[in-house]
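Peer 1: This is query_25.cif, which holds mmCIF, C-alpha atoms and all ligand atoms:
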```
data_my_file
loop_
_atom_site.label_atom_id
_atom_site.label_comp_id
_atom_site.auth_asym_id
_atom_site.auth_seq_id
_atom_site.Cartn_x
_atom_site.Cartn_y
_atom_site.Cartn_z
CA MET A 1126 51.48 -64.19 -21.88
CA ALA A 1127 47.80 -63.26 -21.88
CA VAL A 1128 45.93 -63.38 -18.60
CA GLU A 1129 43.60 -66.39 -18.71
CA ILE A 1130 39.99 -65.59 -17.84
CA VAL A 1131 38.37 -68.41 -15.87
CA ARG A 1132 34.69 -68.36 -14.97
CA SER A 1133 34.03 -71.75 -13.34
CA ARG A 1134 35.07 -73.19 -9.98
CA THR A 1135 35.96 -76.50 -11.60
CA GLY A 1136 38.05 -74.83 -14.32
CA LEU A 1137 39.96 -72.96 -11.64
CA ARG A 1138 40.43 -76.10 -9.53
CA ASP A 1139 41.97 -77.94 -12.51
CA ILE A 1140 44.41 -75.11 -13.24
CA VAL A 1141 45.51 -74.83 -9.60
CA ALA A 1142 45.86 -78.64 -9.33
CA GLY A 1143 48.22 -78.54 -12.35
CA TRP A 1144 50.32 -75.81 -10.73
CA ARG A 1145 50.47 -77.75 -7.47
CA MET A 1146 51.73 -80.86 -9.32
CA GLN A 1147 54.62 -78.73 -10.57
CA GLY A 1148 55.34 -77.47 -7.05
CA LEU A 1149 54.47 -73.87 -7.96
CA ARG A 1150 53.49 -71.39 -5.24
CA VAL A 1151 50.19 -69.61 -5.74
CA GLY A 1152 49.27 -66.03 -4.77
CA VAL A 1153 45.70 -64.71 -4.70
CA VAL A 1154 44.42 -61.13 -4.91
CA PRO A 1155 40.67 -60.87 -4.21
CA THR A 1156 38.98 -57.80 -5.72
CA MET A 1157 35.63 -56.44 -6.83
CA GLY A 1158 37.19 -55.15 -10.05
CA ALA A 1159 37.38 -51.59 -11.39
CA LEU A 1160 41.08 -52.08 -10.86
CA HIS A 1161 43.33 -49.15 -9.96
CA ASP A 1162 46.94 -48.81 -8.84
CA GLY A 1163 45.99 -49.90 -5.29
CA HIS A 1164 44.82 -53.28 -6.60
CA LEU A 1165 47.80 -53.48 -8.96
CA SER A 1166 50.20 -52.96 -6.02
CA LEU A 1167 48.74 -56.13 -4.46
CA VAL A 1168 49.20 -57.99 -7.75
CA ARG A 1169 52.83 -56.84 -7.94
CA ALA A 1170 53.43 -58.02 -4.36
CA ALA A 1171 51.90 -61.41 -5.22
CA LEU A 1172 54.01 -61.71 -8.39
CA ALA A 1173 57.16 -60.92 -6.40
CA ASP A 1174 56.45 -63.62 -3.80
CA THR A 1175 54.91 -66.47 -5.80
CA ASP A 1176 55.07 -68.36 -9.11
CA ARG A 1177 51.44 -68.04 -10.20
CA VAL A 1178 48.97 -65.26 -9.43
CA ILE A 1179 45.18 -65.43 -9.48
CA VAL A 1180 43.25 -62.15 -9.36
CA THR A 1181 39.61 -62.69 -8.45
CA LEU A 1182 36.86 -60.35 -9.66
CA PHE A 1183 33.47 -60.74 -8.03
CA VAL A 1184 31.14 -57.89 -7.09
CA ASN A 1185 29.73 -59.67 -4.07
CA PRO A 1186 26.04 -58.83 -3.59
CA LYS A 1187 26.12 -60.17 -0.02
CA GLN A 1188 28.43 -57.41 1.18
CA PHE A 1189 26.31 -54.51 -0.12
CA ASN A 1190 23.66 -53.28 2.26
CA SER A 1191 22.01 -51.05 -0.33
CA ALA A 1192 20.65 -52.18 -3.71
CA ALA A 1193 21.43 -48.73 -5.15
CA ASP A 1194 25.07 -48.99 -4.02
CA LEU A 1195 25.38 -52.44 -5.64
CA ALA A 1196 23.82 -51.18 -8.89
CA ALA A 1197 26.11 -48.12 -8.97
CA TYR A 1198 29.31 -50.13 -8.34
CA PRO A 1199 31.61 -49.83 -11.40
CA ARG A 1200 32.01 -52.93 -13.59
CA THR A 1201 34.92 -52.82 -16.06
CA GLU A 1202 36.02 -56.41 -16.71
CA ASN A 1203 37.67 -55.79 -20.10
CA GLU A 1204 39.69 -52.84 -18.83
CA ASP A 1205 40.60 -54.85 -15.72
CA ALA A 1206 41.96 -57.72 -17.84
CA ALA A 1207 43.91 -55.20 -19.97
CA LYS A 1208 45.51 -53.71 -16.82
CA LEU A 1209 46.62 -57.14 -15.60
CA GLU A 1210 48.12 -58.17 -18.95
CA PRO A 1211 51.39 -56.14 -18.80
CA LEU A 1212 51.97 -57.12 -15.17
CA GLY A 1213 52.00 -60.83 -15.97
CA ALA A 1214 49.17 -62.01 -13.67
CA HIS A 1215 48.27 -65.54 -14.72
CA VAL A 1216 44.53 -65.97 -14.11
CA LEU A 1217 41.60 -63.58 -13.76
CA TYR A 1218 38.91 -65.59 -12.00
CA VAL A 1219 35.46 -64.12 -12.68
CA PRO A 1220 32.78 -66.33 -11.13
CA ASP A 1221 29.15 -65.29 -11.61
CA GLY A 1222 26.53 -65.27 -8.83
CA GLU A 1223 25.47 -68.82 -9.69
CA GLN A 1224 29.03 -70.14 -9.34
CA MET A 1225 29.48 -68.42 -6.00
CA TYR A 1226 26.02 -68.89 -4.50
CA PRO A 1227 24.32 -71.86 -6.23
CA PRO A 1228 20.63 -72.57 -5.49
CA GLY A 1229 20.22 -73.76 -1.92
CA PHE A 1230 23.25 -71.84 -0.66
CA ALA A 1231 22.61 -71.41 3.09
CA THR A 1232 25.89 -70.83 4.92
CA THR A 1233 27.15 -67.60 6.42
CA VAL A 1234 30.61 -67.07 7.90
CA SER A 1235 30.35 -64.56 10.73
CA VAL A 1236 33.35 -63.25 12.68
CA GLU A 1237 32.74 -61.80 16.15
CA GLY A 1238 34.72 -59.02 17.80
CA VAL A 1239 36.77 -57.48 15.02
CA SER A 1240 33.65 -57.07 12.82
CA GLU A 1241 31.89 -54.98 15.48
CA GLY A 1242 31.98 -51.17 15.46
CA LEU A 1243 33.48 -48.95 12.75
CA CYS A 1244 32.13 -50.13 9.34
CA GLY A 1245 30.38 -53.04 11.10
CA ALA A 1246 28.17 -50.59 13.00
CA HIS A 1247 27.21 -48.61 9.91
CA ARG A 1248 26.83 -51.37 7.30
CA PRO A 1249 24.65 -54.13 8.79
CA GLY A 1250 25.49 -57.53 7.27
CA HIS A 1251 28.49 -56.17 5.35
CA PHE A 1252 31.18 -58.12 7.17
CA ASP A 1253 29.18 -61.37 7.12
CA GLY A 1254 29.05 -60.94 3.34
CA VAL A 1255 32.80 -60.23 3.20
CA SER A 1256 33.65 -63.16 5.52
CA THR A 1257 31.52 -65.59 3.54
CA VAL A 1258 32.88 -64.63 0.13
CA VAL A 1259 36.52 -64.40 1.25
CA THR A 1260 36.30 -67.84 2.88
CA LYS A 1261 34.92 -69.26 -0.37
CA LEU A 1262 37.53 -67.48 -2.51
CA LEU A 1263 40.38 -68.71 -0.30
CA LEU A 1264 39.06 -72.29 -0.48
CA GLN A 1265 38.38 -72.12 -4.24
CA THR A 1266 41.78 -70.69 -5.13
CA ALA A 1267 43.74 -72.65 -2.50
CA GLY A 1268 46.51 -70.03 -2.59
CA ASP A 1269 49.64 -70.15 -0.45
CA PHE A 1270 49.40 -66.38 0.08
CA ALA A 1271 46.50 -63.94 -0.23
CA TYR A 1272 47.02 -60.17 -0.43
CA PHE A 1273 44.71 -57.56 1.09
CA GLY A 1274 45.05 -53.78 1.30
CA GLU A 1275 45.46 -51.87 4.56
CA LYS A 1276 43.05 -49.40 2.93
CA ASP A 1277 40.30 -51.69 4.29
CA PHE A 1278 41.99 -52.16 7.65
CA GLN A 1279 39.06 -53.68 9.54
CA GLN A 1280 38.52 -56.11 6.65
CA LEU A 1281 42.20 -57.11 6.71
CA GLN A 1282 42.02 -57.90 10.45
CA LEU A 1283 38.77 -59.79 9.92
CA VAL A 1284 40.29 -61.92 7.17
CA ARG A 1285 43.32 -62.71 9.35
CA ARG A 1286 40.93 -63.80 12.13
CA LEU A 1287 38.78 -66.07 9.95
CA ALA A 1288 41.76 -67.71 8.25
CA THR A 1289 43.23 -68.53 11.66
CA ASP A 1290 39.94 -69.67 13.18
CA LEU A 1291 38.87 -71.85 10.23
CA ASP A 1292 42.32 -73.43 9.72
CA ILE A 1293 42.57 -72.03 6.20
CA PRO A 1294 46.21 -72.63 5.31
CA THR A 1295 46.56 -69.52 3.13
CA GLN A 1296 48.86 -66.91 4.68
CA ILE A 1297 47.18 -63.48 4.78
CA LEU A 1298 49.40 -60.52 3.90
CA GLY A 1299 48.57 -56.82 4.30
CA CYS A 1300 49.86 -54.22 1.81
CA PRO A 1301 50.12 -50.44 2.32
CA THR A 1302 47.50 -48.01 1.02
CA ILE A 1303 48.27 -46.45 -2.35
CA ARG A 1304 47.28 -42.77 -2.59
CA GLU A 1305 46.89 -40.03 -5.17
CA GLU A 1306 49.48 -37.26 -4.97
CA ASP A 1307 47.08 -35.12 -2.93
CA GLY A 1308 46.70 -37.92 -0.37
CA LEU A 1309 43.31 -39.33 -1.43
CA ALA A 1310 43.38 -43.12 -1.02
CA LEU A 1311 42.73 -44.86 -4.34
CA SER A 1312 39.28 -46.47 -4.39
CA SER A 1313 36.99 -47.90 -7.05
CA ARG A 1314 34.39 -45.50 -5.65
CA ASN A 1315 36.43 -42.40 -6.51
CA VAL A 1316 35.04 -42.46 -10.09
CA GLN A 1317 31.63 -41.72 -8.57
CA LEU A 1318 32.83 -38.31 -7.33
CA SER A 1319 31.87 -35.16 -9.27
CA ALA A 1320 34.69 -32.75 -10.16
CA ALA A 1321 33.69 -30.53 -7.23
CA GLU A 1322 33.65 -33.50 -4.84
CA ARG A 1323 36.99 -34.75 -6.14
CA ALA A 1324 38.49 -31.37 -5.21
CA ILE A 1325 37.15 -31.70 -1.64
CA ALA A 1326 37.99 -35.42 -1.23
CA PRO A 1327 41.68 -35.14 -0.10
CA ALA A 1328 40.58 -33.25 3.04
CA LEU A 1329 39.76 -36.63 4.59
CA ALA A 1330 43.30 -38.03 4.37
CA GLN A 1331 44.81 -34.64 5.19
CA ALA A 1332 42.77 -34.38 8.42
CA LEU A 1333 43.70 -37.96 9.34
CA PHE A 1334 47.43 -37.49 8.77
CA ALA A 1335 47.45 -34.20 10.70
CA ALA A 1336 45.59 -35.72 13.68
CA ALA A 1337 47.77 -38.86 13.65
CA ASP A 1338 50.89 -36.70 13.67
CA ARG A 1339 49.70 -34.58 16.60
CA ILE A 1340 48.50 -37.59 18.62
CA ALA A 1341 51.85 -39.33 18.05
CA ASN A 1342 53.49 -36.17 19.42
CA GLY A 1343 51.44 -36.24 22.62
CA ALA A 1344 48.29 -34.23 21.79
CA PRO A 1345 45.11 -35.45 23.54
CA VAL A 1346 43.27 -38.08 21.47
CA ILE A 1347 39.66 -36.98 21.99
CA GLU A 1348 40.38 -33.32 21.17
CA GLU A 1349 42.34 -34.19 18.03
CA ILE A 1350 39.56 -36.45 16.83
CA GLU A 1351 37.01 -33.66 17.36
CA LYS A 1352 39.22 -31.19 15.46
CA ALA A 1353 39.64 -33.62 12.56
CA ARG A 1354 35.86 -34.21 12.39
CA THR A 1355 35.23 -30.46 12.27
CA ARG A 1356 37.87 -30.03 9.59
CA ILE A 1357 36.37 -32.78 7.40
CA VAL A 1358 32.85 -31.33 7.61
CA ALA A 1359 34.15 -27.78 7.05
CA ALA A 1360 35.84 -29.00 3.85
CA GLY A 1361 32.46 -30.08 2.47
CA TYR A 1362 31.86 -33.67 3.57
CA ALA A 1363 28.18 -34.25 4.40
CA GLU A 1364 28.73 -36.53 7.37
CA VAL A 1365 31.49 -38.26 9.33
CA GLU A 1366 30.14 -41.74 10.17
CA TYR A 1367 32.99 -42.54 12.51
CA LEU A 1368 36.48 -41.32 13.29
CA GLU A 1369 38.19 -43.41 15.95
CA LEU A 1370 41.57 -44.39 17.32
CA ARG A 1371 41.85 -48.16 17.67
CA GLY A 1372 44.64 -50.56 18.56
CA GLU A 1373 46.74 -51.51 15.53
CA ASP A 1374 46.62 -55.23 16.36
CA ASP A 1375 43.42 -55.71 18.38
CA LEU A 1376 41.23 -52.93 16.90
CA GLN A 1377 40.00 -52.13 20.42
CA PRO A 1378 38.99 -48.49 21.11
CA MET A 1379 41.79 -46.30 22.55
CA THR A 1380 41.37 -43.01 24.39
CA ALA A 1381 45.11 -42.52 24.94
CA LEU A 1382 48.11 -43.57 22.86
CA ASP A 1383 49.44 -46.42 25.03
CA ARG A 1384 50.43 -48.68 22.11
CA ASN A 1385 50.55 -48.48 18.31
CA GLY A 1386 47.22 -47.23 17.05
CA ARG A 1387 45.27 -46.76 13.87
CA LEU A 1388 43.08 -43.76 13.16
CA LEU A 1389 40.12 -44.91 11.08
CA VAL A 1390 37.44 -42.87 9.34
CA ALA A 1391 34.34 -43.25 7.17
CA ALA A 1392 32.65 -40.16 5.74
CA LYS A 1393 30.08 -39.29 3.10
CA LEU A 1394 30.96 -36.92 0.30
CA GLY A 1395 27.67 -36.29 -1.52
CA ALA A 1396 26.29 -39.79 -2.13
CA THR A 1397 29.71 -41.48 -1.98
CA ARG A 1398 30.96 -43.12 1.19
CA LEU A 1399 34.75 -43.02 1.54
CA ILE A 1400 36.89 -44.80 4.13
CA ASP A 1401 40.53 -44.33 5.08
CA ASN A 1402 42.94 -45.03 7.93
CA VAL A 1403 46.49 -44.17 8.96
CA PRO A 1404 48.91 -45.59 11.52
CA VAL A 1405 49.62 -43.70 14.75
CA ALA A 1406 53.02 -44.73 16.04
CA TYR A 1407 53.41 -45.15 19.80
CA PRO A 1408 56.57 -43.23 20.72
CA GLY A 1409 57.35 -45.61 23.61
CA ASP A 1410 57.54 -45.04 27.36
P1 LIG B 1501 38.01 -53.92 -3.54
O1 LIG B 1501 38.03 -54.19 -5.00
O2 LIG B 1501 37.67 -52.51 -3.20
O3 LIG B 1501 37.20 -54.95 -2.78
O4 LIG B 1501 39.49 -54.10 -3.03
C1 LIG B 1501 40.22 -55.27 -3.29
C2 LIG B 1501 41.50 -55.24 -2.51
O5 LIG B 1501 42.27 -54.11 -2.89
C3 LIG B 1501 41.26 -55.13 -1.00
O6 LIG B 1501 42.20 -55.96 -0.32
C4 LIG B 1501 41.52 -53.67 -0.75
O7 LIG B 1501 41.94 -53.41 0.58
C5 LIG B 1501 42.64 -53.39 -1.74
N1 LIG B 1501 42.73 -51.96 -2.01
C6 LIG B 1501 41.71 -51.12 -2.37
N2 LIG B 1501 42.17 -49.86 -2.47
C7 LIG B 1501 43.48 -49.88 -2.17
C8 LIG B 1501 44.52 -48.89 -2.09
N3 LIG B 1501 44.28 -47.61 -2.34
N4 LIG B 1501 45.76 -49.29 -1.74
C9 LIG B 1501 46.03 -50.61 -1.47
N5 LIG B 1501 45.10 -51.59 -1.54
C10 LIG B 1501 43.85 -51.23 -1.88
#
```
Using structure tokens, write down the structure that the file contains.
Ligand code: AMP
Peer 2:
Amino acid sequence: MAVEIVRSRTGLRDIVAGWRMQGLRVGVVPTMGALHDGHLSLVRAALADTDRVIVTLFVNPKQFNSAADLAAYPRTENEDAAKLEPLGAHVLYVPDGEQMYPPGFATTVSVEGVSEGLCGAHRPGHFDGVSTVVTKLLLQTAGDFAYFGEKDFQQLQLVRRLATDLDIPTQILGCPTIREEDGLALSSRNVQLSAAERAIAPALAQALFAAADRIANGAPVIEEIEKARTRIVAAGYAEVEYLELRGEDDLQPMTALDRNGRLLVAAKLGATRLIDNVPVAYPGD
């Protein structure tokens, strides 16, 4: 069956109300489009767990802190719909700016703690934009489950926090990062890389995995982070914005591996900003 494209909040509400009457369980996959296998893995997880799946496509202006970045973001709605078709997703919800932020819109959802540091320190306003749009999408779709990628690990923890704090009944589920064969995490931004940059790009994941492995085997955290930074820049990245070990559950900074951790990085390759993260398993006492 063809994926149904829905552009209005009220149209979506009617469809979901009909499903609810039939006792069907609803899964939601929020995206900004330019779908790749990472997004599709979330859709597959949703299809496996639920009876009806809504994929949302909204390039949210509130979460971009640069007009140039927003303008350059890829927009491929027709291709996105074609990719969802064979999977059997039921609805592609594509609200426009007016649907999402009607005139007079004046509310911001802002999550403390987990939004601070890492991407929060380098992209002012970004997580307020994410929190606001995700809250609206969860309320508009009224899903039983919503699927988010570990690729955006800080975002995943932020969404868990806001759903708990705001009594949003949707259960938030995290899904593993899908990578290219050379280790590069799939991202809608990868199409912005030149051929030369694409050849350099996997150095980021490779440095992360190597450092995570050594830290898990007892190597000192600060030294391994320094080595990984040097390796990323030597490979041709222009700048490492941050590279930090944080607690897997609390996202608090860690200087020694005293519990399960997550090594998180953001770095610029030419004009493109890439992020990635990997788990660092605590071997136990
Ligand atoms: P985006 O369209 O970039 O906002 O991403 C939409 C959702 O897809 C978010 O929950 C992302 O974390 C997730 N996602 C993006 N890239 C990947 C990936 N490589 N593997 C798994 N999930 C991903």
Peer 1: So how many Å separate atom CA of Val1390 of chain A and atom CA of Tyr1362 of chain A, to one decimal?
Peer 2: 12.2 Å
Peer 1: List the spatial neighbours of segment 1272-1274 of chain A as a PyMOL selection string - criterion: any atom at most 12 Å away, all atoms listed in the file, same-chain residues fewer than 2 positions off excluded.
Peer 2: chain A and resi 1151-1156+1162-1175+1178-1181+1259+1263+1268-1270+1276-1285+1295-1304+1310-1312+1401-1402
Peer 1: Please identify all polymer residues within 12 Å of Glu1306 of chain A, counting all atoms listed in the file, omitting same-chain residues fewer than 6 positions from it, and present them as a count of residues only.
Peer 2: 3
Peer 1: I want to know what sits within 9 Å of Arg1398 of chain A, based on only C-alpha atoms, with residues of the same chain fewer than 6 positions away left out; could you give that as a PDB file with C-alpha atoms, in the coordinates of the input?
Peer 2:
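Result went into out_19.pdb, see below:
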```
ATOM      1  CA  ARG A1314      34.390 -45.500  -5.650  1.00  0.00           C
ATOM      2  CA  ALA A1391      34.340 -43.250   7.170  1.00  0.00           C
ATOM      3  CA  ALA A1392      32.650 -40.160   5.740  1.00  0.00           C
TER       4      ALA A1392
END
```
Peer 1: Do you know which residues lie at most 10 Å from (29.6, -65.2, 9.9), with coordinates as in the file and only C-alpha atoms counted, and could you write them as a count of residues only?
Peer 2: 15
Peer 1: Using only C-alpha atoms and all ligand atoms, pick whichever of A:Arg1387, A:Arg1134, A:Arg1200, A:Arg1177 has the shortest atom-to-atom distance to ligand LIG 1501 (chain B).
Peer 2: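 Closest to ligand LIG 1501 (chain B) of all the choices is A:Arg1200.
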Peer 1: Would you mind telling me which residue in A:Leu1368, A:Leu1318, A:Leu1388, A:Val1258 lies nearest to ligand LIG 1501 (chain B) when using all atoms listed in the file?
Peer 2: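 Ranking A:Leu1368, A:Leu1318, A:Leu1388, A:Val1258 by distance to ligand LIG 1501 (chain B), first place goes to A:Val1258.
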Peer 1: Atom N3 of ligand LIG 1501 (chain B) and atom CA of Leu1309 of chain A, how far apart in Å?
Peer 2: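 Taking atom CA of Leu1309 of chain A as the start and atom N3 of ligand LIG 1501 (chain B) as the end point, the length is 8.4 Å.
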Peer 1: As an exercise, work out the distance from atom CA of Ala1321 of chain A to atom CA of Ala1360 of chain A in Å and give it to one decimal place.
Peer 2: 11.4 Å
Peer 1: Can you list, as a PDB file with C-alpha atoms, keeping the file's coordinate frame, every protein, DNA or RNA residue that comes within 7 Å of Gly1386 of chain A when you count only C-alpha atoms, leaving out same-chain residues fewer than 5 positions away?
Peer 2:
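Output (selection-v4.pdb):
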```
ATOM      1  CA  LEU A1370      41.570 -44.390  17.320  1.00  0.00           C
ATOM      2  CA  ARG A1371      41.850 -48.160  17.670  1.00  0.00           C
ATOM      3  CA  GLY A1372      44.640 -50.560  18.560  1.00  0.00           C
ATOM      4  CA  GLU A1373      46.740 -51.510  15.530  1.00  0.00           C
ATOM      5  CA  PRO A1404      48.910 -45.590  11.520  1.00  0.00           C
ATOM      6  CA  VAL A1405      49.620 -43.700  14.750  1.00  0.00           C
ATOM      7  CA  ALA A1406      53.020 -44.730  16.040  1.00  0.00           C
TER       8      ALA A1406
END
```
Peer 1: Could you check the closest approach to ligand LIG 1501 (chain B) for each of A:Asp1292, A:Asp1139, A:Asp1374, A:Asp1205 and tell me which residue wins, using all atoms listed in the file?
Peer 2: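 Among A:Asp1292, A:Asp1139, A:Asp1374, A:Asp1205, it is A:Asp1205 that comes nearest to ligand LIG 1501 (chain B).
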